[in-house]
Structures are given as C-alpha cells and as structure tokens.
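*Asks:* File name run.tsv; file contents TSV, C-alpha atoms; full text below.
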chain	number	residue	atom	x	y	z
A	1	MET	CA	82.84	85.07	69.20
A	2	PRO	CA	82.75	88.01	66.75
A	3	SER	CA	79.28	89.12	65.75
A	4	PHE	CA	77.57	88.26	62.48
A	5	GLN	CA	77.74	91.93	61.53
A	6	SER	CA	81.49	92.09	62.07
A	7	TYR	CA	82.07	89.43	59.41
A	8	PHE	CA	80.45	91.59	56.74
A	9	PHE	CA	82.06	94.77	58.08
A	10	GLU	CA	85.52	93.27	57.72
A	11	LYS	CA	84.79	91.99	54.22
A	12	ALA	CA	83.51	95.43	53.20
A	13	ILE	CA	86.61	97.13	54.61
A	14	LYS	CA	88.94	94.80	52.72
A	15	LEU	CA	87.02	95.42	49.50
A	16	SER	CA	87.11	99.20	50.01
A	17	VAL	CA	90.85	99.16	50.64
A	18	LYS	CA	91.47	97.06	47.51
A	19	ARG	CA	89.40	99.48	45.42
A	20	ALA	CA	91.29	102.45	46.84
A	21	VAL	CA	94.64	100.85	46.03
A	22	LYS	CA	93.43	100.01	42.53
A	23	LYS	CA	92.41	103.64	41.98
A	24	GLY	CA	95.90	104.73	42.95
A	25	VAL	CA	95.39	106.27	46.38
A	26	ARG	CA	98.94	105.52	47.56
A	27	PRO	CA	100.74	107.58	44.86
A	28	LYS	CA	98.60	110.62	45.70
A	29	GLY	CA	100.14	113.43	47.73
A	30	ILE	CA	99.61	113.58	51.47
A	31	VAL	CA	97.35	116.64	51.23
A	32	GLU	CA	95.11	114.90	48.71
A	33	GLN	CA	94.97	111.79	50.88
A	34	ARG	CA	93.83	113.92	53.82
A	35	GLU	CA	91.13	115.55	51.72
A	36	MET	CA	89.87	112.17	50.51
A	37	LEU	CA	89.64	110.85	54.08
A	38	ASP	CA	87.81	113.94	55.28
A	39	THR	CA	85.34	113.72	52.41
A	40	ALA	CA	84.65	110.03	52.99
A	41	ALA	CA	84.27	110.52	56.75
A	42	SER	CA	81.79	113.38	56.31
A	43	LYS	CA	79.50	111.03	54.38
A	44	ILE	CA	79.43	108.15	56.86
A	45	GLY	CA	80.28	109.60	60.29
A	46	ARG	CA	77.35	110.33	62.59
A	47	LEU	CA	77.45	112.29	65.81
A	48	PRO	CA	75.41	111.25	68.84
A	49	LYS	CA	72.00	112.87	68.96
A	50	ASN	CA	72.05	116.43	70.33
A	51	CYS	CA	75.85	116.63	70.28
A	52	GLN	CA	77.02	120.24	70.28
A	53	VAL	CA	80.20	121.17	68.42
A	54	VAL	CA	81.88	124.44	69.41
A	55	PRO	CA	85.05	125.41	67.48
A	56	LEU	CA	87.86	127.30	69.19
A	57	GLU	CA	91.55	128.08	68.80
A	58	ILE	CA	94.19	126.96	71.29
A	59	GLU	CA	97.80	128.08	70.92
A	60	GLY	CA	97.24	128.55	67.17
A	61	LEU	CA	95.60	125.13	66.72
A	62	TYR	CA	92.06	124.45	65.58
A	63	ALA	CA	90.10	122.58	68.26
A	64	GLU	CA	86.53	121.66	69.15
A	65	TRP	CA	84.47	121.22	72.28
A	66	LEU	CA	82.11	118.25	71.87
A	67	THR	CA	79.24	118.09	74.35
A	68	THR	CA	76.41	115.55	74.43
A	69	GLY	CA	73.62	115.75	76.98
A	70	ILE	CA	74.48	117.18	80.39
A	71	PRO	CA	78.10	116.20	81.18
A	72	LEU	CA	79.76	116.33	84.56
A	73	PRO	CA	80.99	119.86	85.24
A	74	ASP	CA	84.71	120.58	85.45
A	75	LYS	CA	85.74	117.23	83.95
A	76	VAL	CA	87.01	116.69	80.42
A	77	ILE	CA	88.39	114.12	77.98
A	78	LEU	CA	91.32	115.34	75.90
A	79	TYR	CA	91.07	113.27	72.70
A	80	LEU	CA	94.07	112.83	70.39
A	81	HIS	CA	93.19	111.30	67.03
A	82	GLY	CA	95.00	108.61	65.08
A	83	GLY	CA	96.10	108.59	61.46
A	84	GLY	CA	99.78	107.69	61.55
A	85	TYR	CA	100.71	111.21	62.71
A	86	ALA	CA	100.15	112.30	59.09
A	87	LEU	CA	96.43	111.91	58.36
A	88	CYS	CA	92.95	112.49	59.81
A	89	SER	CA	91.31	115.34	61.66
A	90	ALA	CA	88.21	116.30	63.61
A	91	ASN	CA	86.20	115.41	60.51
A	92	THR	CA	87.34	111.79	60.63
A	93	HIS	CA	87.32	111.25	64.40
A	94	ARG	CA	84.70	113.65	65.75
A	95	PRO	CA	81.95	110.95	65.93
A	96	LEU	CA	84.17	108.43	67.76
A	97	SER	CA	85.40	110.93	70.34
A	98	ALA	CA	81.87	112.29	70.85
A	99	ARG	CA	80.49	108.78	71.47
A	100	ILE	CA	83.19	108.14	74.06
A	101	GLY	CA	82.31	111.42	75.72
A	102	LYS	CA	78.64	110.47	75.75
A	103	GLN	CA	79.35	107.10	77.37
A	104	ALA	CA	81.61	108.69	79.97
A	105	GLY	CA	79.25	111.58	80.67
A	106	LEU	CA	82.01	114.09	79.98
A	107	LYS	CA	82.65	116.82	77.43
A	108	VAL	CA	85.49	116.29	74.97
A	109	LEU	CA	88.22	118.65	73.85
A	110	PHE	CA	89.46	117.65	70.38
A	111	PRO	CA	92.56	119.50	69.09
A	112	GLU	CA	93.99	119.11	65.61
A	113	TYR	CA	97.73	118.78	66.30
A	114	ARG	CA	100.30	119.44	63.59
A	115	LEU	CA	100.92	116.55	61.19
A	116	ALA	CA	103.93	114.96	59.51
A	117	PRO	CA	105.72	115.14	57.15
A	118	GLU	CA	105.41	118.93	57.33
A	119	HIS	CA	105.72	118.78	61.11
A	120	PRO	CA	107.59	115.64	62.24
A	121	PHE	CA	108.45	114.59	65.81
A	122	PRO	CA	108.21	116.26	68.28
A	123	ALA	CA	105.62	118.72	66.91
A	124	ALA	CA	102.57	116.61	67.82
A	125	ILE	CA	103.81	116.13	71.39
A	126	GLU	CA	104.53	119.84	71.77
A	127	ASP	CA	100.98	120.63	70.64
A	128	ALA	CA	99.40	118.06	72.97
A	129	VAL	CA	101.41	119.37	75.94
A	130	ASN	CA	100.40	122.95	75.11
A	131	VAL	CA	96.71	122.02	74.89
A	132	TYR	CA	96.90	120.19	78.22
A	133	GLN	CA	98.59	123.15	79.87
A	134	TRP	CA	95.92	125.41	78.38
A	135	LEU	CA	93.31	123.28	80.15
A	136	LEU	CA	95.19	123.70	83.42
A	137	LYS	CA	95.15	127.47	82.90
A	138	GLN	CA	91.37	127.28	82.46
A	139	GLY	CA	91.08	125.94	86.00
A	140	TYR	CA	91.07	122.19	85.40
A	141	THR	CA	93.39	120.04	87.49
A	142	GLY	CA	95.15	116.90	86.31
A	143	LYS	CA	92.57	114.82	88.18
A	144	ASP	CA	89.84	116.45	86.09
A	145	ILE	CA	91.33	115.35	82.76
A	146	ILE	CA	91.35	112.01	80.95
A	147	PHE	CA	93.60	111.37	77.95
A	148	ALA	CA	92.11	109.23	75.17
A	149	GLY	CA	93.36	108.41	71.70
A	150	ASP	CA	93.41	105.81	68.96
A	151	SER	CA	96.34	104.36	67.03
A	152	ALA	CA	98.98	107.12	66.75
A	153	GLY	CA	96.78	109.16	69.08
A	154	GLY	CA	97.19	106.46	71.71
A	155	GLY	CA	100.94	106.68	71.39
A	156	LEU	CA	100.70	110.46	71.54
A	157	CYS	CA	98.70	110.25	74.78
A	158	LEU	CA	101.48	108.22	76.36
A	159	ALA	CA	104.30	110.38	75.01
A	160	THR	CA	102.52	113.49	76.27
A	161	ALA	CA	102.09	111.97	79.74
A	162	LEU	CA	105.78	111.02	79.79
A	163	VAL	CA	106.82	114.58	79.00
A	164	LEU	CA	104.50	115.93	81.68
A	165	ARG	CA	105.89	113.44	84.21
A	166	ASP	CA	109.47	114.39	83.43
A	167	GLN	CA	108.60	118.09	83.72
A	168	ASN	CA	106.99	117.44	87.13
A	169	ASP	CA	103.67	118.71	85.79
A	170	PRO	CA	100.40	117.26	87.11
A	171	LEU	CA	99.40	114.12	85.25
A	172	PRO	CA	95.95	113.29	83.87
A	173	ALA	CA	93.69	111.02	85.90
A	174	GLY	CA	93.86	108.21	83.35
A	175	ILE	CA	94.75	107.25	79.78
A	176	VAL	CA	92.63	105.33	77.25
A	177	CYS	CA	94.42	103.78	74.26
A	178	LEU	CA	92.49	102.23	71.36
A	179	SER	CA	94.69	100.02	69.15
A	180	PRO	CA	97.72	102.08	70.25
A	181	TRP	CA	100.69	102.53	67.91
A	182	VAL	CA	103.54	102.54	70.39
A	183	ASP	CA	106.28	100.55	68.62
A	184	LEU	CA	107.27	102.37	65.44
A	185	THR	CA	110.11	99.89	64.90
A	186	SER	CA	107.43	97.31	63.93
A	187	SER	CA	109.24	94.67	65.98
A	188	GLY	CA	106.21	92.78	67.32
A	189	GLU	CA	105.24	89.38	65.94
A	190	SER	CA	101.76	90.55	64.92
A	191	TYR	CA	103.27	92.75	62.18
A	192	GLN	CA	104.06	89.55	60.30
A	193	LYS	CA	101.46	87.20	61.79
A	194	ASN	CA	98.42	89.41	61.14
A	195	GLU	CA	99.38	91.11	57.89
A	196	GLU	CA	97.14	88.83	55.84
A	197	VAL	CA	94.08	89.29	58.06
A	198	ASP	CA	94.36	93.01	58.86
A	199	PRO	CA	91.79	94.68	56.57
A	200	TYR	CA	93.24	98.18	56.99
A	201	LEU	CA	96.96	98.29	57.62
A	202	SER	CA	99.98	96.90	55.82
A	203	LEU	CA	103.52	96.61	57.14
A	204	ARG	CA	104.79	98.73	54.26
A	205	ALA	CA	102.38	101.58	54.97
A	206	VAL	CA	103.10	101.49	58.70
A	207	LYS	CA	106.86	101.65	58.14
A	208	GLU	CA	106.48	104.56	55.73
A	209	ALA	CA	104.36	106.47	58.24
A	210	ALA	CA	106.82	105.73	61.04
A	211	GLN	CA	109.76	107.14	59.10
A	212	MET	CA	107.70	110.15	58.03
A	213	TYR	CA	106.94	111.00	61.66
A	214	ALA	CA	110.34	110.17	63.18
A	215	GLY	CA	112.32	112.17	60.63
A	216	LYS	CA	115.96	112.12	61.67
A	217	GLU	CA	115.29	110.56	65.07
A	218	SER	CA	115.63	106.86	65.86
A	219	LEU	CA	112.39	104.88	65.71
A	220	ASP	CA	113.07	103.43	69.17
A	221	HIS	CA	113.21	106.87	70.79
A	222	PRO	CA	111.03	106.48	73.93
A	223	LEU	CA	108.81	109.41	72.96
A	224	ILE	CA	108.36	108.08	69.42
A	225	SER	CA	107.84	104.48	70.54
A	226	PRO	CA	106.62	104.70	74.16
A	227	VAL	CA	106.79	100.92	74.56
A	228	PHE	CA	110.55	101.46	75.00
A	229	ALA	CA	110.08	104.15	77.66
A	230	ASP	CA	110.17	103.89	81.43
A	231	LEU	CA	106.43	104.05	82.21
A	232	THR	CA	106.84	104.40	85.97
A	233	GLY	CA	104.42	106.82	87.56
A	234	LEU	CA	101.86	106.97	84.78
A	235	PRO	CA	98.15	107.03	85.72
A	236	PRO	CA	95.75	104.08	85.22
A	237	LEU	CA	95.75	102.85	81.65
A	238	MET	CA	93.02	101.21	79.56
A	239	ILE	CA	94.01	99.41	76.36
A	240	GLN	CA	91.77	97.87	73.70
A	241	SER	CA	93.10	96.01	70.68
A	242	GLY	CA	91.82	93.58	68.06
A	243	THR	CA	93.23	90.15	67.26
A	244	HIS	CA	93.11	90.89	63.51
A	245	GLU	CA	95.34	93.96	63.52
A	246	ILE	CA	99.05	94.08	62.84
A	247	LEU	CA	99.48	96.45	65.79
A	248	GLN	CA	98.21	93.90	68.31
A	249	SER	CA	101.76	93.27	69.58
A	250	ASP	CA	102.05	96.97	70.44
A	251	ALA	CA	99.07	96.73	72.78
A	252	ILE	CA	100.28	93.51	74.38
A	253	SER	CA	103.81	94.81	74.90
A	254	LEU	CA	102.50	98.09	76.30
A	255	SER	CA	100.31	96.25	78.78
A	256	ILE	CA	103.18	94.06	79.97
A	257	LYS	CA	105.63	96.96	80.20
A	258	ALA	CA	103.18	99.20	82.05
A	259	LYS	CA	102.25	96.53	84.59
A	260	ALA	CA	105.94	95.84	85.24
A	261	ALA	CA	106.37	99.56	85.95
A	262	GLY	CA	103.60	99.48	88.54
A	263	VAL	CA	100.92	101.10	86.38
A	264	LYS	CA	97.33	99.91	86.84
A	265	VAL	CA	96.32	98.42	83.48
A	266	SER	CA	92.99	97.30	82.06
A	267	PHE	CA	93.73	95.41	78.83
A	268	LYS	CA	91.35	93.56	76.53
A	269	ALA	CA	92.01	91.90	73.18
A	270	TRP	CA	88.81	91.72	71.13
A	271	ASP	CA	88.48	88.52	69.13
A	272	GLY	CA	88.22	89.06	65.38
A	273	MET	CA	88.38	92.85	65.57
A	274	TRP	CA	90.52	95.05	63.38
A	275	HIS	CA	92.39	98.33	63.87
A	276	VAL	CA	90.23	100.93	65.69
A	277	TRP	CA	86.97	99.06	65.05
A	278	GLN	CA	85.40	101.36	67.66
A	279	ILE	CA	85.09	104.01	64.95
A	280	SER	CA	82.36	101.90	63.30
A	281	GLY	CA	79.94	103.31	65.85
A	282	ASP	CA	76.38	102.14	66.33
A	283	HIS	CA	76.56	99.97	63.22
A	284	LEU	CA	78.69	97.34	64.96
A	285	PRO	CA	77.84	95.58	68.25
A	286	GLU	CA	81.51	95.30	69.21
A	287	ALA	CA	81.97	99.04	68.71
A	288	ARG	CA	79.00	99.80	70.96
A	289	ARG	CA	80.28	97.48	73.68
A	290	ALA	CA	83.83	98.81	73.42
A	291	THR	CA	82.80	102.45	73.82
A	292	LYS	CA	80.52	101.48	76.69
A	293	GLU	CA	83.44	99.81	78.47
A	294	ILE	CA	85.57	102.89	77.87
A	295	GLY	CA	82.86	105.02	79.43
A	296	GLN	CA	82.70	102.74	82.46
A	297	PHE	CA	86.49	102.89	82.89
A	298	ILE	CA	86.50	106.68	82.73
A	299	LYS	CA	83.63	106.94	85.22
A	300	ARG	CA	85.53	104.73	87.69
A	301	ILE	CA	88.66	106.85	87.33
A	302	ILE	CA	86.80	110.12	87.77
A	303	GLN	CA	84.92	108.83	90.82
A	304	THR	CA	88.11	107.71	92.57
Kindly return the structure encoded in the file as structure tokens.

*Replies:*
Amino acid sequence: MPSFQSYFFEKAIKLSVKRAVKKGVRPKGIVEQREMLDTAASKIGRLPKNCQVVPLEIEGLYAEWLTTGIPLPDKVILYLHGGGYALCSANTHRPLSARIGKQAGLKVLFPEYRLAPEHPFPAAIEDAVNVYQWLLKQGYTGKDIIFAGDSAGGGLCLATALVLRDQNDPLPAGIVCLSPWVDLTSSGESYQKNEEVDPYLSLRAVKEAAQMYAGKESLDHPLISPVFADLTGLPPLMIQSGTHEILQSDAISLSIKAKAAGVKVSFKAWDGMWHVWQISGDHLPEARRATKEIGQFIKRIIQT
C-alpha cells in the first residue's frame, strides 16, 4: 500500500501543476521553461550530506562529478537526466543522481547533453556516447561503469547502449531505468488508462515532446523508441515504474521485450507512485526505498 505521505505528495503535485497551467507555463518559450524548472529545483532540491560537486567539461559539454562519502575506486555511475529530451539539467537532477550514488557507494558523472528542439535526435545519443568513450579513455572499463537515467534519460541509456553494442564497443556493466520513456509513439494502454491519475504528465505534452525530439525521424525508430529495438546482448537491466504514470506501459513493454531477448531484468511496479517519484528524496518513504533498491542492484552488478 502507498504510504500516508504519498497521498499528500500526489495531491500537492496535482495542485502545483494546475497552478502552473493557470499561470500560463505552457505558452512560455522552451528557454523560459528551463529557467523556471532550474529555479524551482534550486529551492527544494537537497544534496546528501557532505556531497562534493566538481564541475568539468567533456567534449564541449558541461558535466559534474558527484561524490558522497568514500566511494569505491575506479567505479562510476553515468547518470543521464530526464526532461523529455528538452528540459532539465544538473540543477534539477543533481540531488537524485547523488542519492543514487550514495546508496550504491559510487561516484556519479552527470553530463548535460544537448537538448531539443535546438538539438533533436540523435544529438543526445551522440553526446552520451562521447561521454562514455571519454570515461574509457580515462582508464575505466565497461565493467566499471553503470548507466542510470530517469524518463527520457532512461531511454537515452538504452539507446546509447544499443549504439555501443552495434559499434562493438565495450558495454556498461548494467543499466538502471526509472520510469523510462522508451515508446515515443505513445502506443501503450497506460497513456489512456492513467491520464486522469498521473499528476505530472499529459498525453498532449508527451506527444509534443516526442515530436520535438524526433524531428524528421519516425517516432518508432529503434534509437528514438528503444522498446522497438532488438535488445539482444544488453547488460542486466533494472526498471522501476509507478502505477499512476501514463508511461507505465513503456516500462512493462521494455521488461517483456528485454527478457525475450535474453537480458536479465529486475522490474518492479510501485503501487500508487507517479512519474519519477524517486526525485522526492528523503521526504517520501517510497523514494527512500526505491533509491536503496537501486543501490543494492548496482552493488550486486559491480560485485559480479
């Protein structure tokens, strides 16, 4: 059963979204939307205690090393943030990625990949591949690296791994997907079934973001919608999704497709949870448990 706290969290989210729509957030330009999200996140996001943030530049991209405590040496999580391939940044997702790193006992590399509509597909994938190859040049091996991402970042993790596989490059040791957006055609039943209960996302907004990212390419392109790709050969995969999000079908379909391709999959649907609830941090029991389970999964992968 969902926690008592989650009930009020979901109500508060719905109210906040309604207020934002009433104030006219949607008609605002994409740059202004990004600035608003960054400002809001800076007021509520909290890093784990003693987390160190070290900025750097990789292949022309802004990135950050996030280190909490004493992580395992020579192991790293490459975190790719969500935001529909058009929004969000380190400012919005730094706390979530740092908490995952803390639970896993690993440092996190957080790059800010190029965003649509200025940089549509395949810019984000190119950036993620370049950052991964930069890590390899630093002396890391594929077995030292874990991919993790939420929403569009989850899809980007998979697309990046598919490109690496097809290029015969070493693959990461594992992939963690939180509420992954992997079907940009919006064909799953949850897009209709959960639209009334999802406190964050709407079918209209998701379709607009999908077209913005895909540009002139078809939405069912396997690197745009990895649920339509051949997933054979990918490393162990962990998927978390909520039963109140319109993207739940993406997670279910991904799990089924990956298992059929022989991929080891750990999938869990969290009752009553919404899109990327893990970002709620220490304020929500389900967020604490979810990040703890992610940490346990990563530790198992690294140990084996």

*Asks:* I'd like the neighbourhood of Leu109 (chain A) as an MDAnalysis selection string, where a residue qualifies if any of its atoms comes within 12 Å (using only C-alpha atoms), though same-chain residues fewer than 2 positions away should be ignored.

*Replies:* chainID A and resid 52:58 62:67 75:81 90 94 97:98 100:101 106:107 111:112 128 131:132 134:135 145:149

*Asks:* Can you build me a table of region 88-207 of chain A residues sitting at most 12 Å from region 245-254 of chain A, with the closest atom pair per residue and its distance in Å to one decimal, using all atoms listed in the file, sorted by chain and residue number, as a tab-separated table?

*Replies:*
residue	atom	partner	partner_atom	distance
A:Asp150	CA	A:Ala251	CA	11.4
A:Ser151	CA	A:Leu247	CA	8.6
A:Ala152	CA	A:Leu247	CA	10.7
A:Gly154	CA	A:Ala251	CA	10.0
A:Gly155	CA	A:Asp250	CA	9.8
A:Leu158	CA	A:Leu254	CA	10.2
A:Val176	CA	A:Ala251	CA	11.6
A:Cys177	CA	A:Ala251	CA	8.6
A:Leu178	CA	A:Ala251	CA	8.7
A:Ser179	CA	A:Ala251	CA	6.6
A:Pro180	CA	A:Ala251	CA	6.1
A:Trp181	CA	A:Asp250	CA	6.3
A:Val182	CA	A:Asp250	CA	5.8
A:Asp183	CA	A:Asp250	CA	5.8
A:Leu184	CA	A:Asp250	CA	9.0
A:Thr185	CA	A:Asp250	CA	10.2
A:Ser186	CA	A:Leu247	CA	8.2
A:Ser187	CA	A:Ser249	CA	8.4
A:Gly188	CA	A:Ser249	CA	5.0
A:Glu189	CA	A:Ser249	CA	6.4
A:Ser190	CA	A:Ile246	CA	4.9
A:Tyr191	CA	A:Ile246	CA	4.5
A:Gln192	CA	A:Ile246	CA	7.2
A:Lys193	CA	A:Ile246	CA	7.4
A:Asn194	CA	A:Ile246	CA	5.0
A:Glu195	CA	A:Ile246	CA	5.8
A:Glu196	CA	A:Ile246	CA	9.0
A:Val197	CA	A:Glu245	CA	7.3
A:Asp198	CA	A:Glu245	CA	4.9
A:Pro199	CA	A:Glu245	CA	7.8
A:Tyr200	CA	A:Glu245	CA	8.1
A:Leu201	CA	A:Ile246	CA	7.0
A:Ser202	CA	A:Ile246	CA	7.6
A:Leu203	CA	A:Ile246	CA	7.7
A:Arg204	CA	A:Ile246	CA	11.3
A:Ala205	CA	A:Ile246	CA	11.4
A:Val206	CA	A:Ile246	CA	9.4
A:Lys207	CA	A:Leu247	CA	11.8

*Asks:* What is the CA of Val265 (chain A) to CA of Asn130 (chain A) distance in Å?

*Replies:* 26.2 Å

*Asks:* Ranking A:Arg300, A:Lys259, A:Arg99, A:Arg46 by minimum distance to Gln278 (chain A) and counting only C-alpha atoms, which one comes first?

*Replies:*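 Distance minimum relative to Gln278 (chain A) lands on A:Arg99.
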
*Asks:* Which of these residues is nearest to Asp38 (chain A), using all atoms listed in the file: A:Gly69, A:Pro236, A:Gly83, A:Pro117?

*Replies:*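 Closest residue, counting all atoms listed in the file: A:Gly83.
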
*Asks:* Could you pull the residues within 8 Å of Arg34 (chain A), counting all atoms listed in the file, minus those fewer than 4 positions along the same chain, as a PyMOL selection string?

*Replies:* chain A and resi 30+38+87-88

*Asks:* Please report the interatomic distance between CA of Ala116 (chain A) and CA of Ser241 (chain A) in Å with one decimal.

*Replies:*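 Rounded to one decimal, the two atoms are 24.5 Å apart.
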
*Asks:* At what distance in Å, to one decimal, does CA of Ala209 (chain A) lie from CA of Glu118 (chain A)?

*Replies:*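 Those two atoms sit 12.5 Å apart.
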
*Asks:* Residues at most 12 Å from Ala290 (chain A), counting only C-alpha atoms, excluding those fewer than 5 positions away in the same chain, as an NGL selection string?

*Replies:* :A and (96 or 99-100 or 103 or 176-179 or 238-242 or 267-270 or 273 or 276-282 or 284-285 or 295-297)

*Asks:* Under the rule that only C-alpha atoms are counted, which of A:Leu219, A:Arg289, A:Val31, A:Pro95 is the nearest residue to Pro48 (chain A)?

*Replies:* A:Pro95
